[in-house]
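A.B. asks: Structure: work.txt, compact mmCIF, N, CA and C atoms.
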```txt
# COMPACT_ATOMS: atom_id res chain seq x y z
N MET I 1 75.54 -9.01 -16.44
CA MET I 1 74.77 -8.65 -15.26
C MET I 1 73.34 -8.28 -15.64
N MET I 2 73.21 -7.54 -16.74
CA MET I 2 71.89 -7.13 -17.19
C MET I 2 71.05 -8.33 -17.60
N ARG I 3 71.69 -9.33 -18.24
CA ARG I 3 70.97 -10.54 -18.62
C ARG I 3 70.42 -11.26 -17.41
N LEU I 4 71.24 -11.35 -16.37
CA LEU I 4 70.81 -12.02 -15.15
C LEU I 4 69.61 -11.31 -14.53
N LEU I 5 69.66 -9.99 -14.51
CA LEU I 5 68.54 -9.21 -13.96
C LEU I 5 67.27 -9.43 -14.77
N ILE I 6 67.38 -9.41 -16.07
CA ILE I 6 66.22 -9.62 -16.94
C ILE I 6 65.67 -11.03 -16.76
N LEU I 7 66.55 -12.02 -16.73
CA LEU I 7 66.13 -13.40 -16.55
C LEU I 7 65.44 -13.60 -15.21
N THR I 8 66.00 -13.03 -14.15
CA THR I 8 65.41 -13.14 -12.82
C THR I 8 64.04 -12.48 -12.79
N THR I 9 63.92 -11.30 -13.37
CA THR I 9 62.64 -10.60 -13.42
C THR I 9 61.61 -11.42 -14.17
N PHE I 10 62.00 -12.00 -15.29
CA PHE I 10 61.10 -12.83 -16.08
C PHE I 10 60.62 -14.04 -15.27
N MET I 11 61.52 -14.69 -14.55
CA MET I 11 61.17 -15.87 -13.77
C MET I 11 60.22 -15.52 -12.63
N VAL I 12 60.46 -14.41 -11.95
CA VAL I 12 59.59 -13.99 -10.85
C VAL I 12 58.20 -13.69 -11.39
N CYS I 13 58.11 -12.95 -12.48
CA CYS I 13 56.81 -12.65 -13.09
C CYS I 13 56.10 -13.92 -13.52
N ASN I 14 56.84 -14.85 -14.07
CA ASN I 14 56.27 -16.11 -14.51
C ASN I 14 55.73 -16.91 -13.33
N LEU I 15 56.44 -16.93 -12.22
CA LEU I 15 55.97 -17.62 -11.02
C LEU I 15 54.70 -16.99 -10.48
N MET I 16 54.63 -15.67 -10.51
CA MET I 16 53.43 -14.98 -10.02
C MET I 16 52.22 -15.34 -10.86
N VAL I 17 52.40 -15.42 -12.15
CA VAL I 17 51.30 -15.76 -13.03
C VAL I 17 50.88 -17.20 -12.81
N MET I 18 51.82 -18.08 -12.55
CA MET I 18 51.54 -19.49 -12.39
C MET I 18 50.84 -19.82 -11.08
N ALA I 19 50.81 -18.90 -10.13
CA ALA I 19 50.26 -19.17 -8.81
C ALA I 19 48.83 -19.68 -8.86
N GLN I 20 48.01 -19.10 -9.69
CA GLN I 20 46.60 -19.49 -9.76
C GLN I 20 46.34 -20.53 -10.85
N ARG I 21 47.38 -20.98 -11.52
CA ARG I 21 47.21 -21.96 -12.60
C ARG I 21 46.44 -23.18 -12.10
N GLY I 22 45.58 -23.68 -12.93
CA GLY I 22 44.83 -24.87 -12.58
C GLY I 22 43.56 -24.58 -11.80
N LEU I 23 43.30 -23.34 -11.47
CA LEU I 23 42.08 -22.98 -10.75
C LEU I 23 41.07 -22.39 -11.74
N HIS I 24 39.81 -22.58 -11.45
CA HIS I 24 38.76 -22.02 -12.29
C HIS I 24 38.71 -20.49 -12.19
N ILE I 25 39.20 -19.94 -11.08
CA ILE I 25 39.17 -18.50 -10.86
C ILE I 25 40.26 -17.77 -11.65
N GLU I 26 41.16 -18.51 -12.28
CA GLU I 26 42.28 -17.94 -13.02
C GLU I 26 41.86 -16.86 -14.03
N PRO I 27 40.77 -17.03 -14.80
CA PRO I 27 40.39 -15.97 -15.75
C PRO I 27 40.12 -14.63 -15.09
N LEU I 28 39.66 -14.63 -13.84
CA LEU I 28 39.45 -13.36 -13.13
C LEU I 28 40.78 -12.64 -12.94
N PHE I 29 41.82 -13.37 -12.52
CA PHE I 29 43.13 -12.77 -12.31
C PHE I 29 43.76 -12.31 -13.62
N GLU I 30 43.33 -12.89 -14.73
CA GLU I 30 43.86 -12.50 -16.04
C GLU I 30 43.09 -11.33 -16.66
N GLY I 31 42.03 -10.85 -15.98
CA GLY I 31 41.24 -9.74 -16.50
C GLY I 31 40.21 -10.15 -17.53
N LYS I 32 39.87 -11.42 -17.60
CA LYS I 32 38.91 -11.90 -18.58
C LYS I 32 37.47 -11.83 -18.10
N VAL I 33 37.26 -11.69 -16.79
CA VAL I 33 35.91 -11.60 -16.24
C VAL I 33 35.56 -10.15 -15.95
N ILE I 34 36.44 -9.47 -15.25
CA ILE I 34 36.32 -8.05 -14.95
C ILE I 34 37.54 -7.39 -15.61
N PRO I 35 37.34 -6.33 -16.39
CA PRO I 35 38.50 -5.68 -17.01
C PRO I 35 39.51 -5.21 -15.96
N GLN I 36 40.79 -5.38 -16.25
CA GLN I 36 41.83 -5.04 -15.29
C GLN I 36 41.80 -3.56 -14.90
N GLU I 37 41.30 -2.69 -15.78
CA GLU I 37 41.23 -1.27 -15.47
C GLU I 37 40.27 -1.00 -14.31
N ARG I 38 39.34 -1.91 -14.05
CA ARG I 38 38.37 -1.72 -12.97
C ARG I 38 38.80 -2.39 -11.67
N MET I 39 39.95 -3.05 -11.69
CA MET I 39 40.39 -3.78 -10.49
C MET I 39 41.64 -3.12 -9.90
N VAL I 40 41.73 -3.20 -8.58
CA VAL I 40 42.94 -2.82 -7.88
C VAL I 40 43.61 -4.12 -7.47
N GLU I 41 44.83 -4.33 -7.97
CA GLU I 41 45.54 -5.58 -7.71
C GLU I 41 46.72 -5.33 -6.79
N THR I 42 46.90 -6.23 -5.84
CA THR I 42 48.05 -6.18 -4.95
C THR I 42 48.76 -7.53 -5.00
N ARG I 43 50.08 -7.50 -5.20
CA ARG I 43 50.91 -8.72 -5.17
C ARG I 43 52.04 -8.50 -4.20
N VAL I 44 52.24 -9.48 -3.33
CA VAL I 44 53.34 -9.40 -2.37
C VAL I 44 54.02 -10.75 -2.34
N ARG I 45 55.33 -10.73 -2.39
CA ARG I 45 56.13 -11.94 -2.30
C ARG I 45 57.38 -11.57 -1.50
N GLY I 46 57.84 -12.47 -0.66
CA GLY I 46 59.11 -12.23 0.00
C GLY I 46 59.04 -12.16 1.51
N ARG I 47 60.02 -11.47 2.06
CA ARG I 47 60.27 -11.46 3.49
C ARG I 47 59.10 -10.93 4.31
N SER I 48 58.36 -9.95 3.79
CA SER I 48 57.27 -9.36 4.56
C SER I 48 56.15 -10.38 4.85
N LEU I 49 56.10 -11.47 4.10
CA LEU I 49 55.07 -12.49 4.32
C LEU I 49 55.55 -13.64 5.19
N SER I 50 56.85 -13.77 5.37
CA SER I 50 57.39 -14.93 6.08
C SER I 50 56.88 -15.05 7.51
N LYS I 51 56.59 -13.95 8.16
CA LYS I 51 56.09 -14.02 9.54
C LYS I 51 54.70 -14.66 9.61
N TYR I 52 54.00 -14.71 8.47
CA TYR I 52 52.70 -15.37 8.39
C TYR I 52 52.80 -16.79 7.86
N GLY I 53 54.01 -17.24 7.54
CA GLY I 53 54.20 -18.56 6.96
C GLY I 53 53.75 -18.63 5.51
N LEU I 54 53.79 -17.48 4.83
CA LEU I 54 53.35 -17.39 3.44
C LEU I 54 54.51 -17.05 2.53
N THR I 55 54.35 -17.40 1.26
CA THR I 55 55.36 -17.05 0.26
C THR I 55 54.78 -16.14 -0.83
N PHE I 56 53.45 -16.08 -0.94
CA PHE I 56 52.83 -15.28 -1.99
C PHE I 56 51.45 -14.81 -1.55
N PHE I 57 51.14 -13.56 -1.84
CA PHE I 57 49.84 -12.96 -1.56
C PHE I 57 49.41 -12.19 -2.80
N ARG I 58 48.18 -12.38 -3.22
CA ARG I 58 47.65 -11.63 -4.35
C ARG I 58 46.19 -11.32 -4.08
N SER I 59 45.81 -10.07 -4.29
CA SER I 59 44.41 -9.71 -4.08
C SER I 59 43.90 -8.85 -5.22
N LEU I 60 42.60 -8.95 -5.43
CA LEU I 60 41.89 -8.12 -6.39
C LEU I 60 40.71 -7.48 -5.67
N ARG I 61 40.53 -6.19 -5.87
CA ARG I 61 39.39 -5.47 -5.30
C ARG I 61 38.71 -4.74 -6.45
N PHE I 62 37.38 -4.87 -6.51
CA PHE I 62 36.64 -4.23 -7.59
C PHE I 62 35.17 -4.11 -7.22
N GLU I 63 34.48 -3.23 -7.92
CA GLU I 63 33.03 -3.14 -7.80
C GLU I 63 32.42 -3.91 -8.94
N ALA I 64 31.35 -4.66 -8.64
CA ALA I 64 30.76 -5.52 -9.66
C ALA I 64 29.25 -5.50 -9.54
N GLY I 65 28.60 -5.60 -10.67
CA GLY I 65 27.16 -5.74 -10.71
C GLY I 65 26.76 -7.16 -10.35
N LYS I 66 25.46 -7.38 -10.25
CA LYS I 66 24.95 -8.69 -9.83
C LYS I 66 25.41 -9.81 -10.75
N LYS I 67 25.32 -9.62 -12.07
CA LYS I 67 25.71 -10.67 -13.01
C LYS I 67 27.20 -10.98 -12.91
N GLU I 68 28.03 -9.95 -12.75
CA GLU I 68 29.48 -10.17 -12.62
C GLU I 68 29.79 -10.91 -11.33
N ARG I 69 29.14 -10.53 -10.23
CA ARG I 69 29.36 -11.23 -8.96
C ARG I 69 28.95 -12.69 -9.07
N GLU I 70 27.81 -12.94 -9.73
CA GLU I 70 27.36 -14.32 -9.91
C GLU I 70 28.35 -15.13 -10.73
N GLN I 71 28.94 -14.51 -11.74
CA GLN I 71 29.93 -15.20 -12.58
C GLN I 71 31.18 -15.55 -11.76
N VAL I 72 31.64 -14.62 -10.92
CA VAL I 72 32.81 -14.87 -10.08
C VAL I 72 32.51 -15.98 -9.07
N VAL I 73 31.33 -15.94 -8.47
CA VAL I 73 30.96 -16.98 -7.49
C VAL I 73 30.88 -18.35 -8.18
N ARG I 74 30.37 -18.40 -9.40
CA ARG I 74 30.33 -19.68 -10.14
C ARG I 74 31.74 -20.25 -10.32
N LEU I 75 32.70 -19.38 -10.64
CA LEU I 75 34.08 -19.85 -10.80
C LEU I 75 34.62 -20.40 -9.48
N ILE I 76 34.35 -19.69 -8.39
CA ILE I 76 34.82 -20.15 -7.08
C ILE I 76 34.13 -21.46 -6.70
N GLU I 77 32.84 -21.56 -7.00
CA GLU I 77 32.14 -22.81 -6.70
C GLU I 77 32.72 -23.98 -7.47
N GLN I 78 33.21 -23.73 -8.68
CA GLN I 78 33.87 -24.80 -9.43
C GLN I 78 35.16 -25.23 -8.74
N ASP I 79 35.89 -24.27 -8.16
CA ASP I 79 37.10 -24.61 -7.40
C ASP I 79 36.75 -25.31 -6.09
N LEU I 80 35.56 -25.06 -5.61
CA LEU I 80 35.08 -25.64 -4.36
C LEU I 80 34.66 -27.10 -4.52
N GLU I 81 34.24 -27.47 -5.74
CA GLU I 81 33.76 -28.83 -6.00
C GLU I 81 34.82 -29.87 -5.63
N GLY I 82 34.38 -30.88 -4.94
CA GLY I 82 35.27 -31.98 -4.58
C GLY I 82 36.07 -31.75 -3.30
N LEU I 83 36.03 -30.53 -2.76
CA LEU I 83 36.75 -30.27 -1.50
C LEU I 83 35.93 -30.82 -0.34
N PRO I 84 36.58 -31.41 0.66
CA PRO I 84 35.84 -31.83 1.86
C PRO I 84 35.28 -30.61 2.58
N GLU I 85 34.17 -30.79 3.29
CA GLU I 85 33.53 -29.67 3.98
C GLU I 85 34.46 -28.98 4.98
N THR I 86 35.45 -29.69 5.48
CA THR I 86 36.39 -29.08 6.43
C THR I 86 37.35 -28.11 5.75
N ASP I 87 37.41 -28.12 4.41
CA ASP I 87 38.35 -27.27 3.68
C ASP I 87 37.73 -25.98 3.14
N TYR I 88 36.51 -25.69 3.51
CA TYR I 88 35.92 -24.41 3.10
C TYR I 88 34.88 -23.95 4.11
N GLN I 89 34.66 -22.65 4.11
CA GLN I 89 33.63 -22.03 4.94
C GLN I 89 32.89 -21.04 4.06
N ARG I 90 31.58 -21.00 4.23
CA ARG I 90 30.76 -20.10 3.42
C ARG I 90 29.68 -19.49 4.29
N SER I 91 29.49 -18.19 4.16
CA SER I 91 28.41 -17.51 4.86
C SER I 91 27.77 -16.50 3.93
N ARG I 92 26.46 -16.42 4.00
CA ARG I 92 25.71 -15.51 3.14
C ARG I 92 24.76 -14.67 3.99
N GLY I 93 24.66 -13.42 3.60
CA GLY I 93 23.69 -12.52 4.19
C GLY I 93 22.95 -11.84 3.05
N LYS I 94 22.08 -10.91 3.40
CA LYS I 94 21.30 -10.24 2.36
C LYS I 94 22.18 -9.41 1.44
N TRP I 95 23.18 -8.73 1.99
CA TRP I 95 24.03 -7.84 1.19
C TRP I 95 25.49 -8.25 1.19
N LYS I 96 25.81 -9.42 1.74
CA LYS I 96 27.21 -9.83 1.75
C LYS I 96 27.35 -11.34 1.69
N GLU I 97 28.52 -11.76 1.27
CA GLU I 97 28.83 -13.18 1.18
C GLU I 97 30.33 -13.35 1.38
N HIS I 98 30.73 -14.39 2.12
CA HIS I 98 32.13 -14.72 2.36
C HIS I 98 32.34 -16.19 2.06
N ILE I 99 33.40 -16.48 1.31
CA ILE I 99 33.78 -17.87 1.02
C ILE I 99 35.28 -17.99 1.25
N TYR I 100 35.69 -18.98 2.06
CA TYR I 100 37.09 -19.25 2.32
C TYR I 100 37.37 -20.69 1.88
N LEU I 101 38.39 -20.88 1.04
CA LEU I 101 38.74 -22.21 0.54
C LEU I 101 40.17 -22.57 0.89
N LEU I 102 40.36 -23.78 1.35
CA LEU I 102 41.68 -24.37 1.54
C LEU I 102 41.88 -25.32 0.36
N LEU I 103 42.73 -24.92 -0.58
CA LEU I 103 42.92 -25.67 -1.83
C LEU I 103 43.99 -26.74 -1.66
N PRO I 104 44.02 -27.72 -2.55
CA PRO I 104 45.07 -28.76 -2.47
C PRO I 104 46.47 -28.15 -2.58
N LYS I 105 47.40 -28.77 -1.88
CA LYS I 105 48.79 -28.30 -1.90
C LYS I 105 49.42 -28.47 -3.28
N VAL I 106 50.34 -27.57 -3.60
CA VAL I 106 51.12 -27.65 -4.82
C VAL I 106 52.57 -27.36 -4.44
N ASN I 107 53.48 -28.24 -4.81
CA ASN I 107 54.91 -28.09 -4.50
C ASN I 107 55.17 -27.81 -3.02
N GLY I 108 54.44 -28.48 -2.16
CA GLY I 108 54.63 -28.33 -0.72
C GLY I 108 54.03 -27.07 -0.13
N ASN I 109 53.38 -26.25 -0.94
CA ASN I 109 52.75 -25.03 -0.45
C ASN I 109 51.24 -25.19 -0.36
N GLN I 110 50.72 -24.78 0.78
CA GLN I 110 49.27 -24.74 0.96
C GLN I 110 48.73 -23.54 0.20
N ARG I 111 47.58 -23.69 -0.45
CA ARG I 111 46.99 -22.58 -1.20
C ARG I 111 45.62 -22.26 -0.62
N MET I 112 45.30 -20.97 -0.59
CA MET I 112 44.04 -20.51 -0.02
C MET I 112 43.40 -19.51 -0.96
N LEU I 113 42.08 -19.45 -0.92
CA LEU I 113 41.35 -18.49 -1.73
C LEU I 113 40.21 -17.93 -0.89
N CYS I 114 40.00 -16.63 -0.99
CA CYS I 114 38.94 -15.96 -0.25
C CYS I 114 38.12 -15.09 -1.20
N TYR I 115 36.81 -15.14 -1.02
CA TYR I 115 35.89 -14.26 -1.75
C TYR I 115 35.08 -13.53 -0.70
N LYS I 116 35.15 -12.20 -0.71
CA LYS I 116 34.35 -11.39 0.20
C LYS I 116 33.59 -10.36 -0.63
N GLN I 117 32.30 -10.34 -0.44
CA GLN I 117 31.47 -9.39 -1.16
C GLN I 117 30.57 -8.69 -0.15
N GLU I 118 30.63 -7.37 -0.15
CA GLU I 118 29.73 -6.57 0.66
C GLU I 118 29.18 -5.47 -0.24
N ASP I 119 27.86 -5.46 -0.37
CA ASP I 119 27.18 -4.57 -1.32
C ASP I 119 27.75 -4.80 -2.72
N GLU I 120 28.31 -3.77 -3.33
CA GLU I 120 28.85 -3.88 -4.69
C GLU I 120 30.33 -4.23 -4.71
N GLU I 121 31.02 -4.10 -3.56
CA GLU I 121 32.47 -4.28 -3.53
C GLU I 121 32.84 -5.75 -3.32
N VAL I 122 33.81 -6.21 -4.11
CA VAL I 122 34.27 -7.59 -4.05
C VAL I 122 35.78 -7.59 -3.78
N LEU I 123 36.20 -8.50 -2.92
CA LEU I 123 37.61 -8.70 -2.62
C LEU I 123 37.92 -10.18 -2.82
N ILE I 124 38.94 -10.46 -3.63
CA ILE I 124 39.41 -11.83 -3.85
C ILE I 124 40.85 -11.87 -3.37
N ILE I 125 41.17 -12.84 -2.52
CA ILE I 125 42.54 -13.00 -2.03
C ILE I 125 43.01 -14.42 -2.33
N TYR I 126 44.22 -14.51 -2.86
CA TYR I 126 44.87 -15.80 -3.08
C TYR I 126 46.16 -15.79 -2.26
N LEU I 127 46.35 -16.81 -1.43
CA LEU I 127 47.57 -16.93 -0.61
C LEU I 127 48.20 -18.29 -0.86
N GLU I 128 49.50 -18.34 -0.69
CA GLU I 128 50.15 -19.64 -0.67
C GLU I 128 51.36 -19.59 0.24
N GLY I 129 51.67 -20.74 0.79
CA GLY I 129 52.83 -20.85 1.67
C GLY I 129 52.75 -22.13 2.47
N PRO I 130 53.86 -22.52 3.07
CA PRO I 130 53.89 -23.79 3.81
C PRO I 130 53.00 -23.80 5.05
N LYS I 131 52.69 -22.62 5.60
CA LYS I 131 51.89 -22.56 6.83
C LYS I 131 50.59 -21.78 6.64
N ALA I 132 50.11 -21.69 5.43
CA ALA I 132 48.86 -20.97 5.18
C ALA I 132 47.71 -21.70 5.87
N SER I 133 46.79 -20.95 6.45
CA SER I 133 45.64 -21.54 7.13
C SER I 133 44.43 -20.64 6.94
N LEU I 134 43.26 -21.20 7.22
CA LEU I 134 42.04 -20.40 7.12
C LEU I 134 42.10 -19.20 8.06
N GLU I 135 42.71 -19.37 9.22
CA GLU I 135 42.81 -18.27 10.19
C GLU I 135 43.67 -17.14 9.64
N SER I 136 44.80 -17.47 9.02
CA SER I 136 45.65 -16.42 8.44
C SER I 136 44.93 -15.72 7.29
N LEU I 137 44.16 -16.48 6.52
CA LEU I 137 43.41 -15.88 5.41
C LEU I 137 42.35 -14.92 5.95
N LYS I 138 41.65 -15.31 7.01
CA LYS I 138 40.63 -14.44 7.59
C LYS I 138 41.24 -13.15 8.13
N LYS I 139 42.40 -13.27 8.79
CA LYS I 139 43.07 -12.07 9.31
C LYS I 139 43.45 -11.12 8.19
N MET I 140 43.97 -11.65 7.09
CA MET I 140 44.42 -10.80 5.98
C MET I 140 43.26 -10.22 5.19
N SER I 141 42.08 -10.84 5.28
CA SER I 141 40.94 -10.34 4.51
C SER I 141 40.19 -9.25 5.27
N ASN I 142 40.52 -9.03 6.51
CA ASN I 142 39.83 -7.98 7.29
C ASN I 142 40.46 -6.64 7.14
```
Re-express the file's structure as structure tokens.
C.D. replies:
Amino acid sequence: MMRLLILTTFMVCNLMVMAQRGLHIEPLFEGKVIPQERMVETRVRGRSLSKYGLTFFRSLRFEAGKKEREQVVRLIEQDLEGLPETDYQRSRGKWKEHIYLLLPKVNGNQRMLCYKQEDEEVLIIYLEGPKASLESLKKMSN
């Protein structure tokens, strides 16, 4: 019984790590851009997301200086390359910026990425699920 529990835990953790695989933003989630001690991370998987048509939610919240924010935006822009204009939205102001991306599907799941920056605070959200949409991402980012 203990082996099964350990194996299941390992597989769930492995799936969570694999969610952002293949994206340029992956180093941020691994703590390679902003140290993990400076980030607040939230991961949700399971029944609480099913009403939104999602299977996985992961967010990072942190304060960043100008150079760090520029580095994060460069990574997101690399994930943005090649996407049709209908699959992303971007807005910029003097002290804030929002980017919403609809990423290519993987294993039948739609993937979404959000970057919200206001003043020094940055919020990154990654969602996936069969019914993920830009509207659901915007609701969860507010």
A.B. asks: Pick the closest to Gly129 of chain I from I:Phe62, I:Tyr88, I:Tyr100, I:Phe56: which is it, counting all atoms listed in the file?
C.D. replies: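 Counting all atoms listed in the file, the residue closest to Gly129 of chain I is I:Phe56.
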A.B. asks: Could you tell me which of I:Ala64, I:Leu127, I:Leu101, I:Ile25 comes closest to Arg45 of chain I if we count only C-alpha atoms?
C.D. replies: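 Closest residue, counting only C-alpha atoms: I:Leu127.
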A.B. asks: So which residues of chain I fall under alpha helix (DSSP H) by DSSP, listed as a PyMOL selection string?
C.D. replies: chain I and resi 2-18+26-29+47-50+66-80+134-141
A.B. asks: Measure the distance from atom N of Arg111 of chain I to atom CA of Lys131 of chain I in Å and round it to one decimal.
C.D. replies: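 Interatomic distance, atom N of Arg111 of chain I to atom CA of Lys131 of chain I: 8.5 Å.
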A.B. asks: With all atoms listed in the file as the atoms that count, which of I:His24, I:Met112, I:Glu37, I:Gln117 lies nearest to Leu134 of chain I?
C.D. replies: I:Met112
A.B. asks: Name the closest residue to Ile76 of chain I among the candidates I:Glu26, I:Glu128, I:Gly93, I:Lys32; distances are taken between atoms, counting all atoms listed in the file.
C.D. replies: I:Glu26
